[in-house]
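File shown: target04.cif. Contents: mmCIF, C-alpha atoms.
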data_query
#
loop_
_atom_site.label_atom_id
_atom_site.label_comp_id
_atom_site.auth_asym_id
_atom_site.auth_seq_id
_atom_site.Cartn_x
_atom_site.Cartn_y
_atom_site.Cartn_z
CA MET A 1170 87.57 -51.05 3.44
CA PRO A 1171 84.07 -52.12 2.32
CA THR A 1172 82.34 -49.87 -0.11
CA PRO A 1173 79.35 -48.15 1.57
CA THR A 1174 76.03 -49.23 0.28
CA VAL A 1175 74.10 -46.45 -1.42
CA ARG A 1176 70.38 -46.78 -1.00
CA ARG A 1177 68.41 -45.58 -3.92
CA ARG A 1178 64.81 -44.50 -3.62
CA ALA A 1179 62.43 -46.52 -5.63
CA PRO A 1180 60.95 -44.50 -8.48
CA LYS A 1181 57.57 -42.99 -7.65
CA GLU A 1182 54.64 -44.71 -9.14
CA PRO A 1183 52.78 -42.47 -11.57
CA LEU A 1184 49.60 -41.01 -10.11
CA SER A 1185 46.53 -42.82 -11.13
CA ARG A 1186 44.04 -40.91 -13.25
CA ARG A 1187 41.61 -40.86 -10.34
CA ARG A 1188 44.17 -39.38 -7.95
CA ARG A 1189 45.13 -36.73 -10.49
CA ILE A 1190 41.49 -35.73 -10.86
CA VAL A 1191 41.08 -35.54 -7.08
CA ARG A 1192 44.15 -33.31 -6.74
CA LEU A 1193 43.00 -31.04 -9.54
CA ALA A 1194 39.59 -30.81 -7.96
CA ILE A 1195 41.10 -29.82 -4.60
CA VAL A 1196 43.22 -27.13 -6.26
CA ALA A 1197 40.24 -25.86 -8.25
CA VAL A 1198 37.96 -25.70 -5.20
CA SER A 1199 40.66 -23.94 -3.17
CA ALA A 1200 41.13 -21.37 -5.92
CA LEU A 1201 37.38 -20.90 -6.22
CA LEU A 1202 36.96 -20.32 -2.49
CA LEU A 1203 39.84 -17.85 -2.48
CA ALA A 1204 38.40 -16.01 -5.45
CA SER A 1205 34.94 -15.98 -3.88
CA GLY A 1206 36.30 -14.60 -0.61
CA SER A 1207 38.35 -11.93 -2.38
CA ALA A 1208 35.40 -10.94 -4.57
CA TYR A 1209 33.16 -10.76 -1.49
CA VAL A 1210 35.57 -8.45 0.37
CA TRP A 1211 36.06 -6.33 -2.75
CA ALA A 1212 32.32 -5.99 -3.38
CA ASP A 1213 31.63 -5.01 0.23
CA THR A 1214 34.22 -2.21 0.05
CA GLN A 1215 32.66 -0.89 -3.17
CA LEU A 1216 29.24 -0.18 -1.66
CA ASN A 1217 28.47 3.54 -1.73
CA ARG A 1218 26.89 4.01 1.71
CA GLU A 1219 25.91 7.66 1.41
CA VAL A 1220 22.35 7.54 2.80
CA ASP A 1221 22.03 8.00 6.57
CA LEU A 1222 18.54 6.90 7.55
CA GLY A 1223 19.24 7.60 11.21
CA ARG A 1224 19.37 11.36 10.84
CA ALA A 1225 15.79 11.76 9.58
CA PRO A 1226 13.58 13.57 12.14
CA ASP A 1227 10.25 12.34 13.50
CA ARG A 1228 10.47 8.84 12.13
CA PRO A 1229 7.66 6.33 12.68
CA PRO A 1230 8.38 3.62 15.26
CA PRO A 1231 9.88 0.37 13.99
CA GLY A 1232 7.33 -2.13 12.79
CA LYS A 1233 7.57 -5.88 12.47
CA GLY A 1234 9.61 -7.34 9.64
CA THR A 1235 11.96 -5.37 7.37
CA ASN A 1236 11.16 -2.64 4.84
CA TYR A 1237 13.52 -1.94 1.93
CA LEU A 1238 13.08 1.11 -0.29
CA ILE A 1239 14.28 0.28 -3.82
CA VAL A 1240 14.75 3.30 -6.07
CA GLY A 1241 15.54 3.49 -9.76
CA SER A 1242 16.96 6.95 -10.44
CA ASP A 1243 17.50 8.72 -13.73
CA SER A 1244 21.03 9.73 -12.74
CA ARG A 1245 23.18 10.13 -15.86
CA GLU A 1246 26.37 9.62 -13.84
CA GLY A 1247 28.68 7.21 -15.62
CA LEU A 1248 27.14 7.86 -19.06
CA SER A 1249 29.10 9.53 -21.83
CA GLU A 1250 27.46 12.13 -24.07
CA GLU A 1251 27.19 9.51 -26.79
CA ALA A 1252 25.58 7.03 -24.39
CA ARG A 1253 23.07 9.65 -23.24
CA LYS A 1254 22.14 10.29 -26.86
CA ASN A 1255 21.84 6.60 -27.73
CA LEU A 1256 19.78 5.85 -24.61
CA ARG A 1257 17.65 8.98 -25.08
CA THR A 1258 18.10 9.94 -21.44
CA GLY A 1259 18.28 13.66 -22.14
CA SER A 1260 20.93 15.93 -20.66
CA ALA A 1261 19.31 16.88 -17.36
CA GLU A 1262 21.77 17.00 -14.50
CA GLY A 1263 21.14 15.72 -10.99
CA ARG A 1264 18.98 12.75 -10.03
CA ARG A 1265 15.27 12.08 -10.21
CA THR A 1266 13.32 8.93 -9.55
CA ASP A 1267 11.88 6.78 -12.29
CA SER A 1268 10.65 4.02 -9.96
CA MET A 1269 10.08 3.50 -6.25
CA MET A 1270 9.19 0.22 -4.57
CA VAL A 1271 8.85 -0.76 -0.92
CA LEU A 1272 9.78 -4.40 -0.37
CA HIS A 1273 8.50 -5.81 2.93
CA THR A 1274 9.81 -9.11 4.28
CA GLY A 1275 8.81 -10.94 7.44
CA SER A 1276 6.95 -13.87 8.92
CA GLY A 1277 3.73 -12.67 7.27
CA GLY A 1278 5.27 -13.09 3.82
CA SER A 1279 6.98 -10.77 1.36
CA THR A 1280 5.27 -7.96 -0.52
CA MET A 1281 6.65 -5.62 -3.18
CA MET A 1282 4.61 -2.42 -3.36
CA SER A 1283 5.17 0.10 -6.17
CA LEU A 1284 4.66 3.79 -5.43
CA PRO A 1285 3.83 5.76 -8.61
CA ARG A 1286 6.21 8.68 -8.94
CA ASP A 1287 3.25 11.00 -9.65
CA SER A 1288 1.58 10.11 -6.33
CA TRP A 1289 0.08 13.22 -4.69
CA VAL A 1290 1.60 13.33 -1.19
CA ASN A 1291 2.47 15.60 1.72
CA ILE A 1292 6.15 16.54 1.65
CA PRO A 1293 7.55 17.49 5.08
CA GLY A 1294 9.52 20.67 5.63
CA PHE A 1295 13.24 20.36 4.93
CA VAL A 1296 16.51 22.23 4.54
CA ARG A 1297 18.25 21.97 1.18
CA PRO A 1298 21.76 20.76 2.10
CA GLU A 1299 23.73 22.64 -0.56
CA THR A 1300 22.14 26.05 0.12
CA GLY A 1301 20.90 25.83 3.70
CA ARG A 1302 17.54 27.19 2.56
CA ARG A 1303 14.54 26.00 4.57
CA TYR A 1304 11.33 24.88 2.82
CA ASN A 1305 7.92 24.61 4.43
CA PRO A 1306 5.74 21.47 4.24
CA SER A 1307 3.82 21.25 0.98
CA GLN A 1308 1.78 19.01 -1.26
CA ASN A 1309 3.46 17.74 -4.40
CA LYS A 1310 4.21 14.66 -6.47
CA LEU A 1311 6.30 11.99 -4.76
CA ASN A 1312 9.02 12.36 -7.39
CA ALA A 1313 9.44 16.00 -6.35
CA ALA A 1314 10.60 14.95 -2.87
CA TYR A 1315 13.63 13.25 -4.38
CA SER A 1316 14.31 16.09 -6.82
CA MET A 1317 14.24 18.69 -4.04
CA GLY A 1318 15.94 16.87 -1.19
CA GLY A 1319 17.44 13.63 -2.51
CA PRO A 1320 17.13 10.24 -0.78
CA ASP A 1321 16.79 11.79 2.70
CA LEU A 1322 13.66 13.76 1.83
CA LEU A 1323 12.25 10.89 -0.24
CA VAL A 1324 12.55 8.49 2.71
CA SER A 1325 11.00 11.04 5.09
CA THR A 1326 8.13 11.65 2.67
CA ILE A 1327 7.38 7.95 2.24
CA GLU A 1328 7.59 7.33 5.99
CA ARG A 1329 5.24 10.25 6.77
CA ASN A 1330 2.66 9.23 4.15
CA THR A 1331 2.67 5.47 4.82
CA GLY A 1332 3.59 5.19 8.49
CA LEU A 1333 6.15 2.55 7.48
CA ARG A 1334 9.68 2.83 8.83
CA ILE A 1335 12.23 2.29 6.06
CA ASP A 1336 15.00 0.00 7.34
CA HIS A 1337 17.24 -0.06 4.26
CA TYR A 1338 17.70 1.91 1.05
CA ALA A 1339 19.04 0.81 -2.35
CA GLU A 1340 19.21 2.95 -5.50
CA ILE A 1341 20.59 2.26 -8.96
CA GLY A 1342 21.03 4.73 -11.84
CA PHE A 1343 20.65 4.46 -15.61
CA ALA A 1344 24.23 3.35 -16.26
CA GLY A 1345 24.15 0.61 -13.63
CA PHE A 1346 20.80 -0.69 -14.86
CA VAL A 1347 21.99 -0.91 -18.47
CA ASP A 1348 25.26 -2.59 -17.45
CA VAL A 1349 23.53 -5.20 -15.27
CA VAL A 1350 21.15 -6.21 -18.05
CA ASP A 1351 24.01 -6.47 -20.54
CA ALA A 1352 26.16 -8.38 -18.02
CA VAL A 1353 23.54 -11.15 -17.71
CA GLY A 1354 23.26 -11.40 -21.48
CA GLY A 1355 19.95 -9.61 -21.88
CA VAL A 1356 16.50 -10.36 -20.50
CA ARG A 1357 13.66 -12.06 -22.35
CA MET A 1358 10.35 -10.19 -22.24
CA CYS A 1359 7.02 -10.89 -23.93
CA VAL A 1360 4.54 -8.15 -24.82
CA ASP A 1361 0.93 -8.59 -25.91
CA ARG A 1362 0.92 -5.72 -28.42
CA ASP A 1363 3.17 -3.56 -30.55
CA ILE A 1364 4.83 -0.78 -28.54
CA LYS A 1365 6.41 2.22 -30.20
CA ASP A 1366 7.39 5.12 -27.97
CA PRO A 1367 9.35 7.92 -29.72
CA LYS A 1368 10.37 9.55 -26.44
CA SER A 1369 12.15 6.51 -24.96
CA GLY A 1370 13.04 5.02 -28.33
CA LEU A 1371 11.25 1.75 -27.60
CA ASP A 1372 10.08 -0.11 -30.70
CA LEU A 1373 8.78 -3.62 -29.99
CA THR A 1374 6.47 -5.83 -31.98
CA LYS A 1375 3.95 -8.13 -30.32
CA GLY A 1376 5.67 -11.28 -29.06
CA CYS A 1377 8.85 -12.18 -27.17
CA HIS A 1378 12.18 -10.40 -27.37
CA THR A 1379 15.55 -10.54 -25.60
CA LEU A 1380 16.13 -6.97 -24.46
CA ASP A 1381 19.66 -5.63 -24.10
CA GLY A 1382 20.40 -2.88 -21.58
CA ALA A 1383 19.33 0.00 -23.82
CA LYS A 1384 16.03 -1.57 -24.86
CA ALA A 1385 15.33 -2.70 -21.29
CA LEU A 1386 15.82 0.87 -20.05
CA ALA A 1387 13.40 2.15 -22.68
CA PHE A 1388 10.87 -0.54 -21.70
CA VAL A 1389 10.80 0.31 -17.99
CA ARG A 1390 10.74 4.08 -18.64
CA GLN A 1391 8.00 4.38 -21.24
CA ARG A 1392 4.50 5.20 -20.05
CA LYS A 1393 2.85 7.21 -22.85
CA GLN A 1394 1.72 3.99 -24.51
CA GLU A 1395 0.23 2.56 -21.31
CA ALA A 1396 -3.53 2.76 -20.77
CA LYS A 1397 -3.04 3.92 -17.17
CA GLY A 1398 0.19 5.84 -17.61
CA ASP A 1399 2.29 5.75 -14.44
CA LEU A 1400 0.43 2.74 -13.04
CA GLY A 1401 1.05 0.82 -16.26
CA ARG A 1402 4.71 1.69 -16.07
CA THR A 1403 5.06 0.46 -12.48
CA GLN A 1404 3.59 -2.88 -13.53
CA ASN A 1405 6.05 -3.08 -16.44
CA GLN A 1406 8.86 -2.36 -13.99
CA GLN A 1407 7.76 -5.17 -11.68
CA LYS A 1408 7.39 -7.53 -14.64
CA PHE A 1409 10.87 -6.72 -15.88
CA LEU A 1410 12.39 -6.97 -12.40
CA ALA A 1411 10.95 -10.47 -12.11
CA ALA A 1412 12.53 -11.50 -15.41
CA LEU A 1413 15.86 -9.90 -14.49
CA ALA A 1414 15.95 -11.57 -11.06
CA ASN A 1415 15.21 -14.96 -12.61
CA LYS A 1416 17.93 -14.49 -15.24
CA ALA A 1417 20.50 -13.31 -12.71
CA ALA A 1418 19.67 -16.26 -10.45
CA THR A 1419 20.44 -18.93 -13.04
CA PRO A 1420 23.22 -21.39 -12.11
CA GLY A 1421 25.51 -20.00 -14.77
CA VAL A 1422 25.48 -16.58 -13.11
CA LEU A 1423 25.22 -17.27 -9.38
CA ALA A 1424 27.08 -20.55 -8.94
CA ASN A 1425 30.26 -19.36 -10.64
CA PRO A 1426 31.94 -16.32 -9.04
CA PHE A 1427 33.93 -15.73 -12.21
CA ALA A 1428 30.75 -15.58 -14.27
CA ALA A 1429 28.94 -13.51 -11.65
CA PHE A 1430 31.74 -10.95 -11.24
CA PRO A 1431 30.82 -8.80 -14.28
CA THR A 1432 27.21 -8.67 -13.06
CA VAL A 1433 28.21 -7.69 -9.53
CA ARG A 1434 30.70 -5.09 -10.77
CA ALA A 1435 28.14 -3.63 -13.16
CA GLY A 1436 25.53 -3.30 -10.42
CA LEU A 1437 27.94 -1.68 -7.95
CA ASP A 1438 29.00 1.07 -10.35
CA THR A 1439 25.96 3.26 -9.66
CA LEU A 1440 24.51 1.54 -6.59
CA ILE A 1441 23.80 3.76 -3.57
CA VAL A 1442 22.78 2.23 -0.25
CA ASP A 1443 22.27 3.24 3.37
CA LYS A 1444 25.06 3.32 5.92
CA ASP A 1445 23.92 0.12 7.63
CA MET A 1446 23.73 -1.89 4.42
CA GLY A 1447 26.32 -4.65 4.28
CA LEU A 1448 26.76 -7.19 1.52
CA PRO A 1449 24.84 -9.90 3.48
CA THR A 1450 21.87 -7.52 3.81
CA LEU A 1451 22.11 -6.64 0.12
CA MET A 1452 22.09 -10.33 -0.76
CA SER A 1453 19.05 -10.82 1.50
CA LEU A 1454 17.35 -8.03 -0.45
CA PHE A 1455 18.19 -9.74 -3.74
CA GLU A 1456 16.93 -13.09 -2.49
CA ALA A 1457 13.69 -11.47 -1.32
CA VAL A 1458 13.18 -9.79 -4.70
CA LYS A 1459 13.88 -13.07 -6.43
CA GLY A 1460 11.37 -14.84 -4.17
CA VAL A 1461 8.58 -12.30 -4.70
CA THR A 1462 9.10 -12.12 -8.45
CA SER A 1463 9.08 -15.94 -8.60
CA GLY A 1464 5.64 -16.09 -7.03
CA ASN A 1465 6.57 -16.50 -3.36
CA GLY A 1466 5.00 -13.21 -2.33
CA LYS A 1467 2.83 -10.40 -3.64
CA GLN A 1468 3.49 -7.64 -6.17
CA LEU A 1469 1.09 -4.72 -6.25
CA ASN A 1470 0.67 -0.98 -6.65
CA VAL A 1471 -0.41 1.18 -3.76
CA PRO A 1472 -4.23 1.33 -4.08
CA VAL A 1473 -5.37 4.42 -6.01
CA SER A 1474 -8.72 6.12 -6.48
CA ASN A 1475 -7.83 8.61 -9.23
CA THR A 1476 -5.11 8.43 -11.89
CA ASN A 1477 -5.80 11.92 -13.22
CA LEU A 1478 -6.08 14.18 -10.19
CA ARG A 1479 -5.96 17.85 -11.19
CA THR A 1480 -3.41 19.72 -9.07
CA SER A 1481 -1.32 22.87 -9.12
CA LYS A 1482 1.56 20.65 -10.30
CA GLY A 1483 -0.36 19.04 -13.15
CA SER A 1484 -2.03 15.65 -13.34
CA ALA A 1485 -1.22 13.39 -10.38
CA VAL A 1486 -2.13 10.01 -8.90
CA GLN A 1487 -4.40 10.01 -5.84
CA TRP A 1488 -4.20 7.12 -3.39
CA ASP A 1489 -7.30 5.34 -2.14
CA VAL A 1490 -6.97 6.48 1.47
CA THR A 1491 -9.00 3.66 3.06
CA GLN A 1492 -7.43 0.81 1.09
CA ALA A 1493 -3.92 2.27 1.27
CA ARG A 1494 -4.13 2.73 5.04
CA ARG A 1495 -5.29 -0.86 5.40
CA LEU A 1496 -2.37 -2.07 3.30
CA PHE A 1497 0.16 0.00 5.26
CA ASP A 1498 -1.23 -1.32 8.56
CA GLN A 1499 -0.87 -4.91 7.35
CA LEU A 1500 2.73 -4.33 6.30
CA ARG A 1501 3.63 -2.50 9.50
CA ASN A 1502 2.25 -5.34 11.62
CA ASP A 1503 3.75 -8.01 9.34
CA GLN A 1504 0.36 -9.48 8.56
CA PRO A 1505 -0.59 -11.30 5.36
CA VAL A 1506 -1.60 -8.76 2.73
CA THR A 1507 -5.26 -9.07 1.72
CA ILE A 1508 -5.41 -6.13 -0.69
CA ALA A 1509 -6.01 -7.35 -4.25
CA PRO A 1510 -3.50 -6.09 -6.85
CA GLN A 1511 -4.82 -3.43 -9.21
CA THR A 1512 -4.29 -4.16 -12.88
CA PRO A 1513 -3.76 -1.46 -15.51
#

Any chance you could put this one into structure tokens?
Amino acid sequence: MPTPTVRRRAPKEPLSRRRRIVRLAIVAVSALLLASGSAYVWADTQLNREVDLGRAPDRPPPGKGTNYLIVGSDSREGLSEEARKNLRTGSAEGRRTDSMMVLHTGSGGSTMMSLPRDSWVNIPGFVRPETGRRYNPSQNKLNAAYSMGGPDLLVSTIERNTGLRIDHYAEIGFAGFVDVVDAVGGVRMCVDRDIKDPKSGLDLTKGCHTLDGAKALAFVRQRKQEAKGDLGRTQNQQKFLAALANKAATPGVLANPFAAFPTVRAGLDTLIVDKDMGLPTLMSLFEAVKGVTSGNGKQLNVPVSNTNLRTSKGSAVQWDVTQARRLFDQLRNDQPVTIAPQTP
């Protein structure tokens, strides 16, 4: 009987260097897309959507374009006692506002408008949620609206005094702010004079510095050394936000999900948004901030006529009614803003 012929497979040719690189690239891209998708889903589930804009009474009608209210709060949540001491945040419980900005986007361009926290405004009547106690309408500083009734009352107060309907809300506390700055490796800022503020702990010499989270927090909080107090601080906040947005938008942070993850995670830790805010909307907000702070839009304070208005609640900031109303009308109708920025 003839012996069956056994066919042997020819040995595989070794992969060429080019083919190996192509395969590795395919694997790497696949892993990157998977990681990006997983990180996206994770980040979306981490959003703290506790603000319900829809339940506010007597809201102004929707305007053209989109209005975002961006709030920096002095919430100490997430800070240890040691961190509070090092950051000089004090030990006050609860949340107050250190900065408030309305960002408008639309076909008429983008505008970021700072609202000084000491603005003298009409606060609508409200019911304090935890006690059920009803409060009558009153005049007070804008910051008081947040202290008394949280984001809901703050939004209602801003809507009543500007006539602008707030479409989305985003708030970040002390801990999140510090962590974001540290996560991007610090932010470079240049100052035109020495600044030493014992209350915030800021101690900067004239020139350029890379601020870590703690120093950045002190920089955006200090106002005693500013010629126009609260107005000077709001301009510092806009200046820093521009530098932070530019740093966070560098290829090394945005293009690589693995590099961006610490920044995203840091920002989400104390981020509070409205119930309709999804991650795509949040990214649109970030892109709009980045655009305005890069020069593709306007940054300004609400026009004021008096920075030292004497009131029953102490010194306050009085808006220039005519100029402010004109600005609000332009934003509501999504028209190009013609109000010149006020400089401190």

Got a sec: who's within 7 Å of A:Asn1477, counting only C-alpha atoms, leaving out chain neighbours fewer than 5 positions off, as a VMD selection string? chain A and resid 1484 to 1486

Residue neighbourhood A:His1378, 8 Å, all atoms listed in the file, exclusion window fewer than 4 positions, as a PyMOL selection string: chain A and resi 1357-1359

Could those selected residues go to a file with C-alpha atoms, as a short mmCIF file (atom, residue, chain, number, x, y, z; two decimals), keeping the file's coordinate frame?
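Writing done, so here's selection_4.cif:
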data_model
loop_
_atom_site.label_atom_id
_atom_site.label_comp_id
_atom_site.auth_asym_id
_atom_site.auth_seq_id
_atom_site.Cartn_x
_atom_site.Cartn_y
_atom_site.Cartn_z
CA ARG A 1357 13.66 -12.06 -22.35
CA MET A 1358 10.35 -10.19 -22.24
CA CYS A 1359 7.02 -10.89 -23.93
#

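Closest to A:Asp1287 among A:Thr1450, A:Thr1480, A:Asn1405, A:Asn1305 is A:Thr1480, based on all atoms listed in the file.
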
Using all atoms listed in the file, which residue out of A:Ser1316, A:Ser1276, A:Asp1445, A:Arg1228 lies closest to A:Arg1297?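 The closest residue to A:Arg1297 is A:Ser1316.
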
Centre and size of axis-aligned box enclosing stretch 1325-1343 of chain A plus 5 Å each side, as lines of an AutoDock Vina configuration file:
center_x = 11.8
center_y = 5.8
center_z = -3.4
size_x = 28.4
size_y = 21.7
size_z = 34.4

Residues near A:Lys1310, cut-off 7 Å, all atoms listed in the file, skip fewer than 3 positions along chain, as a PyMOL selection string: chain A and resi 1286-1290+1313+1485

Pull the neighbourhood of (14.8, 14.8, 11.7) for me: all residues within 12 Å in file coordinates, counting all atoms listed in the file, as a ChimeraX atom specification. /A:1221-1229,1293-1296,1321-1322,1324-1326,1328-1329

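Separating atom CA of A:Phe1409 from atom CA of A:Leu1386 is a distance of 10.0 Å.
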
Please evaluate the PyMOL selection byres ((chain A and resi 1320) around 12) against the structure above and give the resulting residues as a PyMOL selection string. chain A and resi 1218-1222+1224-1225+1238-1242+1264-1266+1269+1297-1298+1311-1319+1321-1327+1335+1337-1341+1441-1443

Please determine, counting only C-alpha atoms, which residue among A:Pro1230, A:Asn1475, A:Met1452, A:Thr1507 has the shortest atom-to-atom distance to A:Gly1332.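 Closest candidate: A:Pro1230.
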
Top pick for closest residue to A:Val1360, considering A:Ala1509, A:Leu1469, A:Val1347, A:Leu1373 and counting only C-alpha atoms: A:Leu1373

Go ahead and compute the interatomic distance for atom CA of A:Arg1334 and atom CA of A:Asp1498, in Å to one decimal. 11.7 Å

Using all atoms listed in the file, the residue out of A:Met1281, A:Val1458, A:Leu1451, A:Met1446 with shortest distance to A:Leu1496 is A:Met1281

For atom CA of A:Asp1363 and atom CA of A:Ser1463, the interatomic separation in Å (one decimal):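 These two atoms are separated by 25.9 Å.
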
Can you pull out every residue within 9 Å of stretch 1231-1237 of chain A, counting only C-alpha atoms, but drop anything in the same chain fewer than 4 positions away, and send it as a list of chain:residue names?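 Answer for this query is A:Met1270, A:Val1271, A:Leu1272, A:His1273, A:Thr1274, A:Gly1275, A:Ser1276, A:Gly1277, A:Leu1333, A:Arg1334, A:Ile1335, A:Asp1336, A:His1337, A:Tyr1338, A:Ala1339, A:Leu1454, A:Leu1500, A:Arg1501, A:Asn1502, A:Asp1503, A:Gln1504.
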
Please provide as a ChimeraX atom specification all residues within 6 Å of A:Ile1292, with the sequence filter that same-chain residues fewer than 3 positions apart are discarded (counting only C-alpha atoms). /A:1306-1308,1326

If you count only C-alpha atoms, the residue of A:Gly1382, A:Thr1403, A:Ser1453, A:Pro1505 closest to A:Gly1355 turns out to be A:Gly1382
